[in-house]
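Coordinates as given in my_file04.pdb (PDB, C-alpha atoms (C1' of nucleotides)):
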ATOM      1  CA  MET G   1     112.391 266.408 101.153
ATOM      2  CA  GLU G   2     113.817 263.177 102.413
ATOM      3  CA  ARG G   3     113.143 259.890 100.792
ATOM      4  CA  VAL G   4     109.426 259.129 100.823
ATOM      5  CA  ARG G   5     108.240 255.557 101.135
ATOM      6  CA  VAL G   6     104.837 254.815  99.626
ATOM      7  CA  ALA G   7     103.112 251.466 100.102
ATOM      8  CA  THR G   8      99.859 249.829  99.070
ATOM      9  CA  TRP G   9      98.267 246.826 100.757
ATOM     10  CA  ASN G  10      95.018 244.970 100.338
ATOM     11  CA  VAL G  11      94.589 243.979 103.984
ATOM     12  CA  ASN G  12      91.425 241.870 103.559
ATOM     13  CA  SER G  13      89.647 243.342 106.617
ATOM     14  CA  VAL G  14      91.571 245.932 108.566
ATOM     15  CA  LYS G  15      89.842 244.737 111.733
ATOM     16  CA  GLN G  16      91.265 241.239 111.320
ATOM     17  CA  ARG G  17      94.641 242.634 110.259
ATOM     18  CA  VAL G  18      95.399 244.991 113.144
ATOM     19  CA  PRO G  19      97.923 242.543 114.690
ATOM     20  CA  ARG G  20      99.776 242.508 111.373
ATOM     21  CA  LEU G  21      99.251 246.091 110.238
ATOM     22  CA  LEU G  22     100.626 247.967 113.237
ATOM     23  CA  PRO G  23     103.888 245.978 113.541
ATOM     24  CA  TRP G  24     104.314 246.277 109.787
ATOM     25  CA  LEU G  25     103.977 250.058 109.983
ATOM     26  CA  ASP G  26     106.580 250.113 112.751
ATOM     27  CA  GLN G  27     108.970 247.877 110.827
ATOM     28  CA  ARG G  28     108.655 249.313 107.345
ATOM     29  CA  GLN G  29     108.026 252.933 108.322
ATOM     30  CA  PRO G  30     106.060 253.861 105.220
ATOM     31  CA  ASP G  31     105.251 257.555 104.886
ATOM     32  CA  VAL G  32     102.148 257.008 102.768
ATOM     33  CA  VAL G  33     100.025 253.852 102.917
ATOM     34  CA  CYS G  34      97.169 252.978 100.599
ATOM     35  CA  LEU G  35      94.862 250.331 102.044
ATOM     36  CA  GLN G  36      92.184 248.297 100.288
ATOM     37  CA  GLU G  37      89.442 245.960 101.449
ATOM     38  CA  THR G  38      89.286 247.582 104.850
ATOM     39  CA  LYS G  39      85.713 246.242 105.133
ATOM     40  CA  LEU G  40      84.897 248.795 107.792
ATOM     41  CA  ALA G  41      82.735 251.907 108.045
ATOM     42  CA  ASP G  42      84.635 255.133 108.573
ATOM     43  CA  ASP G  43      83.528 255.738 112.159
ATOM     44  CA  ALA G  44      84.415 252.169 113.123
ATOM     45  CA  PHE G  45      87.824 252.540 111.442
ATOM     46  CA  THR G  46      88.525 255.679 113.431
ATOM     47  CA  THR G  47      87.454 254.018 116.667
ATOM     48  CA  LEU G  48      89.612 250.998 115.916
ATOM     49  CA  LEU G  49      92.803 252.675 114.703
ATOM     50  CA  GLY G  50      92.575 256.435 115.150
ATOM     51  CA  ASP G  51      94.724 256.596 118.274
ATOM     52  CA  ALA G  52      97.292 254.063 117.058
ATOM     53  CA  LEU G  53      97.733 255.932 113.791
ATOM     54  CA  GLU G  54      97.902 259.318 115.444
ATOM     55  CA  GLU G  55     100.622 258.034 117.781
ATOM     56  CA  ARG G  56     102.610 257.060 114.715
ATOM     57  CA  GLY G  57     102.160 260.440 113.103
ATOM     58  CA  TYR G  58      99.645 259.500 110.433
ATOM     59  CA  GLU G  59      96.705 261.465 109.213
ATOM     60  CA  PHE G  60      94.191 259.378 107.296
ATOM     61  CA  ALA G  61      91.488 259.664 104.664
ATOM     62  CA  LEU G  62      88.767 257.030 104.581
ATOM     63  CA  PHE G  63      86.118 255.770 102.206
ATOM     64  CA  GLY G  64      84.630 252.685 103.806
ATOM     65  CA  GLU G  65      81.504 250.576 103.950
ATOM     66  CA  THR G  66      80.051 248.367 106.648
ATOM     67  CA  GLN G  67      80.782 245.025 105.031
ATOM     68  CA  TRP G  68      82.720 244.980 101.761
ATOM     69  CA  ASN G  69      85.273 247.037  99.868
ATOM     70  CA  GLY G  70      86.697 250.060 101.675
ATOM     71  CA  VAL G  71      89.852 252.077 100.935
ATOM     72  CA  ALA G  72      92.057 254.436 102.913
ATOM     73  CA  ILE G  73      95.186 256.543 102.706
ATOM     74  CA  LEU G  74      97.477 257.050 105.688
ATOM     75  CA  SER G  75     100.072 259.799 105.423
ATOM     76  CA  ARG G  76     102.650 261.517 107.544
ATOM     77  CA  VAL G  77     103.816 263.803 104.724
ATOM     78  CA  GLY G  78     100.577 265.731 104.358
ATOM     79  CA  LEU G  79      97.073 264.766 103.262
ATOM     80  CA  ASP G  80      95.342 267.433 101.223
ATOM     81  CA  ASP G  81      92.474 267.731  98.763
ATOM     82  CA  VAL G  82      90.904 264.386  99.662
ATOM     83  CA  ALA G  83      88.499 263.044  97.050
ATOM     84  CA  VAL G  84      86.450 259.869  97.350
ATOM     85  CA  GLY G  85      85.126 257.779  94.485
ATOM     86  CA  VAL G  86      85.879 258.013  90.783
ATOM     87  CA  ALA G  87      84.019 260.799  89.011
ATOM     88  CA  GLY G  88      81.846 259.385  86.288
ATOM     89  CA  ALA G  89      82.255 255.774  87.359
ATOM     90  CA  PRO G  90      79.170 253.560  87.690
ATOM     91  CA  GLY G  91      78.016 251.809  90.860
ATOM     92  CA  PHE G  92      76.873 248.206  91.249
ATOM     93  CA  PRO G  93      74.223 249.456  91.550
ATOM     94  CA  HIS G  94      75.166 251.809  94.375
ATOM     95  CA  ILE G  95      78.503 253.592  94.419
ATOM     96  CA  GLU G  96      81.004 251.317  96.130
ATOM     97  CA  ALA G  97      83.909 252.385  98.357
ATOM     98  CA  ARG G  98      86.713 251.629  95.923
ATOM     99  CA  ALA G  99      88.691 254.844  95.480
ATOM    100  CA  VAL G 100      90.145 257.612  97.573
ATOM    101  CA  ALA G 101      92.746 260.142  96.504
ATOM    102  CA  ALA G 102      94.789 262.760  98.317
ATOM    103  CA  THR G 103      97.831 264.923  97.737
ATOM    104  CA  CYS G 104     100.675 263.706  99.937
ATOM    105  CA  GLY G 105     104.102 265.345  99.806
ATOM    106  CA  GLY G 106     103.250 267.001  96.531
ATOM    107  CA  VAL G 107     102.109 263.821  94.780
ATOM    108  CA  ARG G 108      98.529 262.918  93.930
ATOM    109  CA  VAL G 109      98.092 259.471  95.500
ATOM    110  CA  HIS G 110      95.212 257.175  94.539
ATOM    111  CA  SER G 111      94.223 254.177  96.650
ATOM    112  CA  LEU G 112      92.140 251.907  94.450
ATOM    113  CA  TYR G 113      90.246 248.668  94.797
ATOM    114  CA  VAL G 114      89.238 247.840  91.239
ATOM    115  CA  PRO G 115      86.099 245.694  90.885
ATOM    116  CA  ASN G 116      86.853 241.997  90.623
ATOM    117  CA  GLY G 117      84.853 241.289  87.486
ATOM    118  CA  ARG G 118      83.765 237.826  88.646
ATOM    119  CA  GLU G 119      83.063 236.185  85.273
ATOM    120  CA  PRO G 120      83.814 237.529  81.791
ATOM    121  CA  GLU G 121      80.752 239.053  80.156
ATOM    122  CA  SER G 122      78.945 239.248  83.486
ATOM    123  CA  ASP G 123      77.385 242.509  84.625
ATOM    124  CA  HIS G 124      80.179 242.791  87.156
ATOM    125  CA  TYR G 125      82.786 242.419  84.420
ATOM    126  CA  LYS G 126      81.161 245.215  82.409
ATOM    127  CA  TYR G 127      81.074 247.299  85.555
ATOM    128  CA  LYS G 128      84.807 246.698  86.017
ATOM    129  CA  LEU G 129      85.602 247.902  82.504
ATOM    130  CA  GLU G 130      83.396 250.981  82.778
ATOM    131  CA  TRP G 131      84.912 251.793  86.159
ATOM    132  CA  LEU G 132      88.426 251.527  84.732
ATOM    133  CA  ALA G 133      87.527 253.756  81.786
ATOM    134  CA  ALA G 134      86.235 256.417  84.169
ATOM    135  CA  LEU G 135      89.391 256.085  86.249
ATOM    136  CA  ARG G 136      91.487 256.682  83.158
ATOM    137  CA  ASP G 137      89.633 259.914  82.473
ATOM    138  CA  VAL G 138      90.087 261.087  86.065
ATOM    139  CA  LEU G 139      93.812 260.393  85.872
ATOM    140  CA  GLU G 140      94.127 262.175  82.549
ATOM    141  CA  ALA G 141      92.499 265.268  84.023
ATOM    142  CA  GLY G 142      94.484 265.087  87.265
ATOM    143  CA  PRO G 143      97.849 266.431  88.417
ATOM    144  CA  SER G 144     100.899 265.295  86.469
ATOM    145  CA  ASP G 145     102.713 264.094  89.591
ATOM    146  CA  ALA G 146     100.681 261.024  90.520
ATOM    147  CA  LEU G 147     100.830 257.527  91.925
ATOM    148  CA  VAL G 148      98.128 254.992  91.118
ATOM    149  CA  CYS G 149      98.235 252.409  93.878
ATOM    150  CA  GLY G 150      96.116 249.463  94.805
ATOM    151  CA  ASP G 151      94.520 246.151  94.072
ATOM    152  CA  ILE G 152      94.050 246.608  90.350
ATOM    153  CA  ASN G 153      92.616 243.093  89.876
ATOM    154  CA  ILE G 154      94.381 242.710  86.525
ATOM    155  CA  ALA G 155      97.510 240.662  85.883
ATOM    156  CA  PRO G 156      99.330 242.923  83.424
ATOM    157  CA  THR G 157     100.923 240.049  81.495
ATOM    158  CA  ASP G 158     101.132 236.268  81.644
ATOM    159  CA  ALA G 159     104.451 236.700  83.476
ATOM    160  CA  ASP G 160     102.341 237.912  86.393
ATOM    161  CA  LEU G 161     100.627 234.528  86.766
ATOM    162  CA  PHE G 162     101.939 231.308  88.265
ATOM    163  CA  ASP G 163     100.241 229.338  85.505
ATOM    164  CA  PRO G 164      98.831 231.296  82.557
ATOM    165  CA  GLU G 165      96.969 228.258  81.279
ATOM    166  CA  ALA G 166      95.049 228.017  84.528
ATOM    167  CA  TYR G 167      93.594 231.472  83.935
ATOM    168  CA  ILE G 168      92.495 231.197  80.323
ATOM    169  CA  GLY G 169      88.965 232.508  80.000
ATOM    170  CA  GLN G 170      88.916 233.979  83.481
ATOM    171  CA  THR G 171      88.836 237.533  84.674
ATOM    172  CA  HIS G 172      92.053 239.414  85.518
ATOM    173  CA  VAL G 173      93.735 238.306  82.307
ATOM    174  CA  THR G 174      91.279 239.038  79.488
ATOM    175  CA  GLU G 175      92.258 241.305  76.653
ATOM    176  CA  PRO G 176      89.719 244.057  77.485
ATOM    177  CA  GLU G 177      90.951 244.231  81.078
ATOM    178  CA  ARG G 178      94.578 244.416  79.995
ATOM    179  CA  ALA G 179      93.629 247.023  77.402
ATOM    180  CA  ALA G 180      91.970 249.101  80.123
ATOM    181  CA  LEU G 181      95.180 248.967  82.141
ATOM    182  CA  GLN G 182      97.202 249.802  79.045
ATOM    183  CA  ALA G 183      95.002 252.843  78.450
ATOM    184  CA  ILE G 184      96.068 254.101  81.868
ATOM    185  CA  LYS G 185      99.723 253.355  81.208
ATOM    186  CA  ALA G 186      99.378 255.224  77.921
ATOM    187  CA  LEU G 187      98.848 258.381  79.966
ATOM    188  CA  GLY G 188     102.504 258.021  80.935
ATOM    189  CA  PHE G 189     102.275 255.761  83.977
ATOM    190  CA  HIS G 190     105.014 253.250  84.728
ATOM    191  CA  ASP G 191     104.670 249.944  86.566
ATOM    192  CA  VAL G 192     107.564 250.612  88.938
ATOM    193  CA  VAL G 193     107.876 247.102  90.380
ATOM    194  CA  ARG G 194     107.928 245.327  87.029
ATOM    195  CA  ASP G 195     110.262 247.955  85.626
ATOM    196  CA  ARG G 196     112.635 247.260  88.498
ATOM    197  CA  TRP G 197     112.334 243.448  88.297
ATOM    198  CA  PRO G 198     111.696 242.822  84.610
ATOM    199  CA  THR G 199     112.310 239.082  84.629
ATOM    200  CA  GLU G 200     111.703 238.092  88.250
ATOM    201  CA  ARG G 201     108.973 235.821  89.518
ATOM    202  CA  ILE G 202     107.041 238.323  91.619
ATOM    203  CA  PHE G 203     103.510 237.963  92.902
ATOM    204  CA  SER G 204     101.373 240.063  95.239
ATOM    205  CA  TYR G 205      98.464 237.692  95.855
ATOM    206  CA  TRP G 206      98.333 234.045  96.783
ATOM    207  CA  ASP G 207      95.127 232.125  97.472
ATOM    208  CA  TYR G 208      94.745 231.077 101.077
ATOM    209  CA  ARG G 209      93.993 227.520 100.039
ATOM    210  CA  ALA G 210      96.073 224.524  99.161
ATOM    211  CA  GLY G 211      99.405 225.913 100.251
ATOM    212  CA  MET G 212      99.506 228.338  97.370
ATOM    213  CA  PHE G 213     101.767 230.794  99.154
ATOM    214  CA  HIS G 214     104.077 228.094 100.398
ATOM    215  CA  ARG G 215     104.471 226.873  96.822
ATOM    216  CA  ASP G 216     104.706 230.450  95.502
ATOM    217  CA  LEU G 217     101.738 230.001  93.197
ATOM    218  CA  GLY G 218     100.315 233.485  92.927
ATOM    219  CA  MET G 219      99.432 236.445  90.783
ATOM    220  CA  ARG G 220     100.705 240.012  90.571
ATOM    221  CA  ILE G 221      97.607 242.174  90.649
ATOM    222  CA  ASP G 222      98.567 244.837  93.191
ATOM    223  CA  LEU G 223     100.416 247.630  91.443
ATOM    224  CA  ILE G 224     102.047 250.995  91.929
ATOM    225  CA  LEU G 225     101.928 253.032  88.742
ATOM    226  CA  ALA G 226     103.994 256.207  88.767
ATOM    227  CA  SER G 227     103.462 259.092  86.397
ATOM    228  CA  GLY G 228     106.293 259.947  84.059
ATOM    229  CA  SER G 229     107.386 262.763  86.337
ATOM    230  CA  VAL G 230     107.466 260.565  89.454
ATOM    231  CA  ALA G 231     108.787 257.269  88.057
ATOM    232  CA  PRO G 232     112.404 258.516  87.752
ATOM    233  CA  ARG G 233     112.377 259.195  91.488
ATOM    234  CA  ALA G 234     111.775 255.499  92.272
ATOM    235  CA  LYS G 235     114.961 254.254  93.892
ATOM    236  CA  ALA G 236     113.550 250.979  95.111
ATOM    237  CA  ALA G 237     110.351 249.108  94.349
ATOM    238  CA  TRP G 238     109.383 245.700  95.614
ATOM    239  CA  ILE G 239     106.711 243.411  96.976
ATOM    240  CA  ASP G 240     106.945 242.844 100.712
ATOM    241  CA  ARG G 241     106.497 239.091 100.603
ATOM    242  CA  HIS G 242     107.415 238.752 104.263
ATOM    243  CA  ALA G 243     104.068 240.290 105.228
ATOM    244  CA  ARG G 244     102.258 237.334 103.636
ATOM    245  CA  LYS G 245     104.005 234.867 105.970
ATOM    246  CA  GLY G 246     103.182 233.794 109.484
ATOM    247  CA  THR G 247      99.959 233.939 111.462
ATOM    248  CA  GLY G 248      96.855 235.680 110.235
ATOM    249  CA  PRO G 249      98.141 237.308 107.057
ATOM    250  CA  SER G 250      96.136 238.985 104.344
ATOM    251  CA  ASP G 251      96.056 237.005 101.122
ATOM    252  CA  HIS G 252      97.798 240.002  99.499
ATOM    253  CA  ALA G 253     101.302 241.328 100.192
ATOM    254  CA  PRO G 254     102.153 245.031 100.338
ATOM    255  CA  VAL G 255     103.862 246.764  97.436
ATOM    256  CA  ILE G 256     106.419 249.432  98.344
ATOM    257  CA  VAL G 257     108.226 252.158  96.421
ATOM    258  CA  ASP G 258     110.860 254.527  97.760
ATOM    259  CA  LEU G 259     110.969 257.916  96.074
ATOM    260  CA  ASP G 260     113.970 260.183  96.206
ATOM    261  CA  GLU G 261     113.743 263.877  95.674
ATOM    262  CA  ALA G 262     116.607 263.827  93.166
ATOM    263  CA  PRO G 263     115.076 263.816  89.676
ATOM    264  CA  ASP G 264     118.130 262.393  87.940
ATOM    265  CA  GLY G 265     116.497 259.186  86.813
ATOM    266  CA  ASP G 266     119.192 257.013  88.341
ATOM    267  CA  ILE G 267     118.010 253.704  89.700
ATOM    268  CA  GLY G 268     120.148 253.348  92.790
ATOM    269  CA  PRO G 269     120.572 250.726  95.483
ATOM    270  CA  VAL G 270     117.675 248.409  95.884
ATOM    271  CA  VAL G 271     116.611 245.655  98.213
ATOM    272  CA  PRO G 272     117.433 242.093  97.226
ATOM    273  CA  PRO G 273     114.861 240.285  95.135
ATOM    274  CA  PRO G 274     112.396 238.061  96.934
ATOM    275  CA  SER G 275     113.355 234.430  97.043
ATOM    276  CA  SER G 276     111.433 232.051  94.827
ATOM    277  CA  PRO G 277     111.527 228.755  96.671
ATOM    278  CA  GLY G 278     110.552 225.707  94.791
ATOM    279  CA  SER G 279     110.287 227.414  91.450
ATOM    280  CA  LYS G 280     112.331 224.689  89.815
ATOM    281  CA  LYS G 281     110.373 221.873  91.356
ATOM    282  CA  LYS G 282     107.562 220.061  89.684
ATOM    283  CA  VAL G 283     104.457 221.267  91.458
ATOM    284  CA  LYS G 284     100.945 219.993  91.409
ATOM    285  CA  LEU G 285      98.816 222.815  90.089
ATOM    286  CA  PRO G 286      95.290 223.427  91.295
ATOM    287  CA  GLN G 287      92.604 222.841  88.708
ATOM    288  CA  ALA G 288      91.459 225.753  86.685
ATOM    289  CA  LYS G 289      87.777 226.396  86.876
TER     290      LYS G 289
ATOM    291  C1'  DA E   1      90.001 218.789  95.343
ATOM    292  C1'  DT E   2      83.803 220.416  90.940
ATOM    293  C1'  DG E   3      86.017 226.854  96.081
ATOM    294  C1'  DG E   4      90.471 223.206  99.044
ATOM    295  C1'  DC E   5      90.569 229.207 102.893
ATOM    296  C1'  DT E   6      89.185 233.391 105.028
ATOM    297  C1'  DA E   7      86.388 237.141 105.399
ATOM    298  C1'  DT E   8      81.657 239.309 105.810
ATOM    299  C1'  DA E   9      76.660 239.170 108.251
ATOM    300  C1'  DT E  10      73.895 235.984 110.087
ATOM    301  C1'  DT E  11      72.916 231.198 111.953
ATOM    302  C1'  DC E  12      72.030 225.758 111.636
ATOM    303  C1'  DT E  13      73.798 229.166 105.598
ATOM    304  C1'  DA E  14      74.890 232.443 102.032
ATOM    305  C1'  DT E  15      77.993 235.731  99.528
ATOM    306  C1'  DA E  16      82.379 237.423  98.102
ATOM    307  C1'  DG E  17      86.990 237.111  96.791
ATOM    308  C1'  DA E  18      90.627 236.177  92.089
TER     309       DA E  18
END
Let's see the structure in the file written out as structure tokens.
Amino acid sequence: MERVRVATWNVNSVKQRVPRLLPWLDQRQPDVVCLQETKLADDAFTTLLGDALEERGYEFALFGETQWNGVAILSRVGLDDVAVGVAGAPGFPHIEARAVAATCGGVRVHSLYVPNGREPESDHYKYKLEWLAALRDVLEAGPSDALVCGDINIAPTDADLFDPEAYIGQTHVTEPERAALQAIKALGFHDVVRDRWPTERIFSYWDYRAGMFHRDLGMRIDLILASGSVAPRAKAAWIDRHARKGTGPSDHAPVIVDLDEAPDGDIGPVVPPPSSPGSKKKVKLPQAK
DNA sequence: ATGGCTATATTCTATAGA
């Protein structure tokens, strides 16, 4: 098989993002795309994008809702054994559209929108942790060739935050959340972007407000985790910061990994690192809550 | 600047996001 490009993108309403999504597909030519926060029911998604995706050679699997959440997988390298939801995971209170999985080009691909958590110790925070524990069990029982993609809503380390002090006591950084992520990594999953850019300033989310993107004040919460069998095939892995620029962007940027067939473990040519403008300047930081 | 922006559904306002 040729090189396979897999991407994940929290689009923050696929309806609002059509003018960004379709040109991005044409430019980046991903073979598999995991989408989150589509915020659209499945029939409305198909009406909106079915023809445009079919023209581009994509099949798609959907798990959407009318208003919130919503995930999808687009694939032009096969889309088999589609499963929606996370077996054993709780709802809030109803089951939310936060997970869809499919086998694409021989790899089990998961498109995930992990619950936000809102405030530590809240019911939503407990829901997040229980949901992540159930996800871990599903991954443990699943195929060994797997990619866990999506808006994980956890900053793996303080290096994934523009200002760790601003996040003390907030969700996305608490020890139980990081432990839940670590429990997944302990199954053999590798954070391919951080592994490729171990010391770079790389974020995937920037708040819409206060010029946060312009000042590069963000968080890295959108991840691609590759199983031990797949990670050595990663020849490039990066965050597509360009997609956060310009008119009408999502507040998240896509994450992309290129997989080669060759299982030699060599990390070959890669794209240049994203620029980090202003990182040496004194910046005025927004108040923590 | 204590949610500052953007999205949702609904409407003269609330909820969600991270």
Taking a cut-off of 8 Å and counting all atoms listed in the file, can you build a table that, for each residue of chain E near chain G, reports the nearest atom pair and how far apart they are in Å (one decimal), sorted by chain then residue number, as a Markdown table?
| residue | atom | partner | partner_atom | distance |
| --- | --- | --- | --- | --- |
| E:DG4 | C1' | G:Arg209 | CA | 5.7 |
| E:DC5 | C1' | G:Arg209 | CA | 4.8 |
| E:DT6 | C1' | G:Tyr208 | CA | 7.2 |
| E:DA7 | C1' | G:Ser13 | CA | 7.1 |
| E:DT8 | C1' | G:Gln67 | CA | 5.8 |
| E:DA9 | C1' | G:Gln67 | CA | 7.9 |
| E:DG17 | C1' | G:Asn116 | CA | 7.9 |
| E:DA18 | C1' | G:Asn116 | CA | 7.1 |
Next on the checklist: Rounded to one decimal, what separation in Å do you get between CA of Phe60 in chain G and CA of His190 in chain G?
Outcome noted: 25.8 Å
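Our summary of the geometry notes that CA of Phe162 in chain G is positioned 7.8 Å from CA of Asp216 in chain G.
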Checklist entry - Suppose you want the space between CA of Val109 in chain G and CA of Asp260 in chain G; what is it in Å? => result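 Interatomic distance here is 15.9 Å.
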Next on the checklist: With only C-alpha atoms (C1' of nucleotides) as the counted atoms, please give the residues lying no more than 7 Å from Tyr127 in chain G, apart from itself and same-chain residues fewer than 4 positions off, as a PyMOL selection string.
Outcome noted: chain G and resi 90+123+131
Item to check | Neighbour list for Ile73 in chain G as number ranges by chain, cut-off 12 Å, all atoms listed in the file, skip fewer than 2 positions in-chain | outcome: G: 6-10, 30-36, 38, 53, 58-64, 70-71, 75-80, 82-84, 98-104, 108-112, 149-150
Checklist entry - From the list G:Val86, G:Ala41, G:Met212, G:Leu74, which residue is nearest Asp163 in chain G when using only C-alpha atoms? => result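 Going through G:Val86, G:Ala41, G:Met212, G:Leu74 one by one, the smallest distance to Asp163 in chain G is for G:Met212.
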Checklist entry - Taking all atoms listed in the file into account, which of G:Glu2, G:Asp145, G:Asp42, G:Asp26 comes nearest Val14 in chain G? => result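 When distances to Val14 in chain G are compared using all atoms listed in the file, the smallest one comes from G:Asp42.
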I need the output of the PyMOL selection byres ((chain G and resi 255) around 6) for this file as a CSV table (one decimal) with C-alpha atoms, keeping the file's coordinate frame; which residues are they?
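Result file is expr-v1.csv:
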chain,number,residue,atom,x,y,z
G,7,ALA,CA,103.1,251.5,100.1
G,8,THR,CA,99.9,249.8,99.1
G,238,TRP,CA,109.4,245.7,95.6
G,239,ILE,CA,106.7,243.4,97.0
G,240,ASP,CA,106.9,242.8,100.7
G,254,PRO,CA,102.2,245.0,100.3
G,256,ILE,CA,106.4,249.4,98.3
Build an axis-aligned box that encloses every atom of range 62-81 of chain G listed in the file, pad it by 8 Å on each side, and report its centre and edge lengths in Å to one decimal, as lines of an AutoDock Vina configuration file.
center_x = 91.9
center_y = 256.4
center_z = 103.2
size_x = 39.8
size_y = 38.8
size_z = 24.8
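Using the PyMOL selection byres ((chain G and resi 173) around 9) on this structure selects Ile154, Ala155, Pro156, Thr157, Asp158, Pro164, Tyr167, Ile168, Gly169, Gln170, Thr171, His172, Thr174, Glu175, Pro176, Glu177 and Arg178 of chain G.
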Kindly save the residues from that selection, with C-alpha atoms included, as a JSON list (two decimals), in the coordinates of the input.
[["chain", "number", "residue", "atom", "x", "y", "z"],
["G", 154, "ILE", "CA", 94.38, 242.71, 86.52],
["G", 155, "ALA", "CA", 97.51, 240.66, 85.88],
["G", 156, "PRO", "CA", 99.33, 242.92, 83.42],
["G", 157, "THR", "CA", 100.92, 240.05, 81.50],
["G", 158, "ASP", "CA", 101.13, 236.27, 81.64],
["G", 164, "PRO", "CA", 98.83, 231.30, 82.56],
["G", 167, "TYR", "CA", 93.59, 231.47, 83.94],
["G", 168, "ILE", "CA", 92.50, 231.20, 80.32],
["G", 169, "GLY", "CA", 88.96, 232.51, 80.00],
["G", 170, "GLN", "CA", 88.92, 233.98, 83.48],
["G", 171, "THR", "CA", 88.84, 237.53, 84.67],
["G", 172, "HIS", "CA", 92.05, 239.41, 85.52],
["G", 174, "THR", "CA", 91.28, 239.04, 79.49],
["G", 175, "GLU", "CA", 92.26, 241.30, 76.65],
["G", 176, "PRO", "CA", 89.72, 244.06, 77.48],
["G", 177, "GLU", "CA", 90.95, 244.23, 81.08],
["G", 178, "ARG", "CA", 94.58, 244.42, 80.00]]
Checklist entry - Once you count all atoms listed in the file, which residues end up no further than 12 Å from (107.5, 260.3, 88.7) in the file's frame, shown as a VMD selection string? => result chain G and resid 106 to 109 143 to 148 188 to 192 224 to 235 257 to 265
Provide range 18-29 of chain G rebuilt to N, CA, C and O atoms, formatted as a PDB file, in the frame of the given file.
ATOM      1  N   VAL G  18      94.713 244.088 112.212  1.00  0.00           N
ATOM      2  CA  VAL G  18      95.399 244.991 113.144  1.00  0.00           C
ATOM      3  C   VAL G  18      96.681 244.380 113.712  1.00  0.00           C
ATOM      4  O   VAL G  18      97.721 245.055 113.761  1.00  0.00           O
ATOM      5  N   PRO G  19      96.678 243.107 114.122  1.00  0.00           N
ATOM      6  CA  PRO G  19      97.923 242.543 114.690  1.00  0.00           C
ATOM      7  C   PRO G  19      99.052 242.407 113.659  1.00  0.00           C
ATOM      8  O   PRO G  19     100.198 242.190 114.058  1.00  0.00           O
ATOM      9  N   ARG G  20      98.722 242.512 112.406  1.00  0.00           N
ATOM     10  CA  ARG G  20      99.776 242.508 111.373  1.00  0.00           C
ATOM     11  C   ARG G  20     100.091 243.919 110.890  1.00  0.00           C
ATOM     12  O   ARG G  20     101.239 244.233 110.563  1.00  0.00           O
ATOM     13  N   LEU G  21      99.069 244.753 110.817  1.00  0.00           N
ATOM     14  CA  LEU G  21      99.251 246.091 110.238  1.00  0.00           C
ATOM     15  C   LEU G  21     100.146 246.980 111.111  1.00  0.00           C
ATOM     16  O   LEU G  21     101.079 247.612 110.599  1.00  0.00           O
ATOM     17  N   LEU G  22      99.870 247.031 112.391  1.00  0.00           N
ATOM     18  CA  LEU G  22     100.626 247.967 113.237  1.00  0.00           C
ATOM     19  C   LEU G  22     102.109 247.592 113.327  1.00  0.00           C
ATOM     20  O   LEU G  22     102.976 248.464 113.159  1.00  0.00           O
ATOM     21  N   PRO G  23     102.458 246.325 113.565  1.00  0.00           N
ATOM     22  CA  PRO G  23     103.888 245.978 113.541  1.00  0.00           C
ATOM     23  C   PRO G  23     104.541 246.228 112.182  1.00  0.00           C
ATOM     24  O   PRO G  23     105.711 246.606 112.118  1.00  0.00           O
ATOM     25  N   TRP G  24     103.773 246.024 111.128  1.00  0.00           N
ATOM     26  CA  TRP G  24     104.314 246.277 109.787  1.00  0.00           C
ATOM     27  C   TRP G  24     104.608 247.772 109.596  1.00  0.00           C
ATOM     28  O   TRP G  24     105.657 248.138 109.044  1.00  0.00           O
ATOM     29  N   LEU G  25     103.707 248.615 110.058  1.00  0.00           N
ATOM     30  CA  LEU G  25     103.977 250.058 109.983  1.00  0.00           C
ATOM     31  C   LEU G  25     105.250 250.402 110.755  1.00  0.00           C
ATOM     32  O   LEU G  25     106.082 251.189 110.285  1.00  0.00           O
ATOM     33  N   ASP G  26     105.410 249.799 111.919  1.00  0.00           N
ATOM     34  CA  ASP G  26     106.580 250.113 112.751  1.00  0.00           C
ATOM     35  C   ASP G  26     107.868 249.589 112.131  1.00  0.00           C
ATOM     36  O   ASP G  26     108.925 250.211 112.250  1.00  0.00           O
ATOM     37  N   GLN G  27     107.783 248.450 111.462  1.00  0.00           N
ATOM     38  CA  GLN G  27     108.970 247.877 110.827  1.00  0.00           C
ATOM     39  C   GLN G  27     109.344 248.592 109.543  1.00  0.00           C
ATOM     40  O   GLN G  27     110.506 248.938 109.315  1.00  0.00           O
ATOM     41  N   ARG G  28     108.372 248.797 108.685  1.00  0.00           N
ATOM     42  CA  ARG G  28     108.655 249.313 107.345  1.00  0.00           C
ATOM     43  C   ARG G  28     108.689 250.833 107.299  1.00  0.00           C
ATOM     44  O   ARG G  28     109.244 251.410 106.361  1.00  0.00           O
ATOM     45  N   GLN G  29     108.009 251.473 108.254  1.00  0.00           N
ATOM     46  CA  GLN G  29     108.026 252.933 108.322  1.00  0.00           C
ATOM     47  C   GLN G  29     107.622 253.596 107.000  1.00  0.00           C
ATOM     48  O   GLN G  29     108.313 254.507 106.513  1.00  0.00           O
TER      49      GLN G  29
END
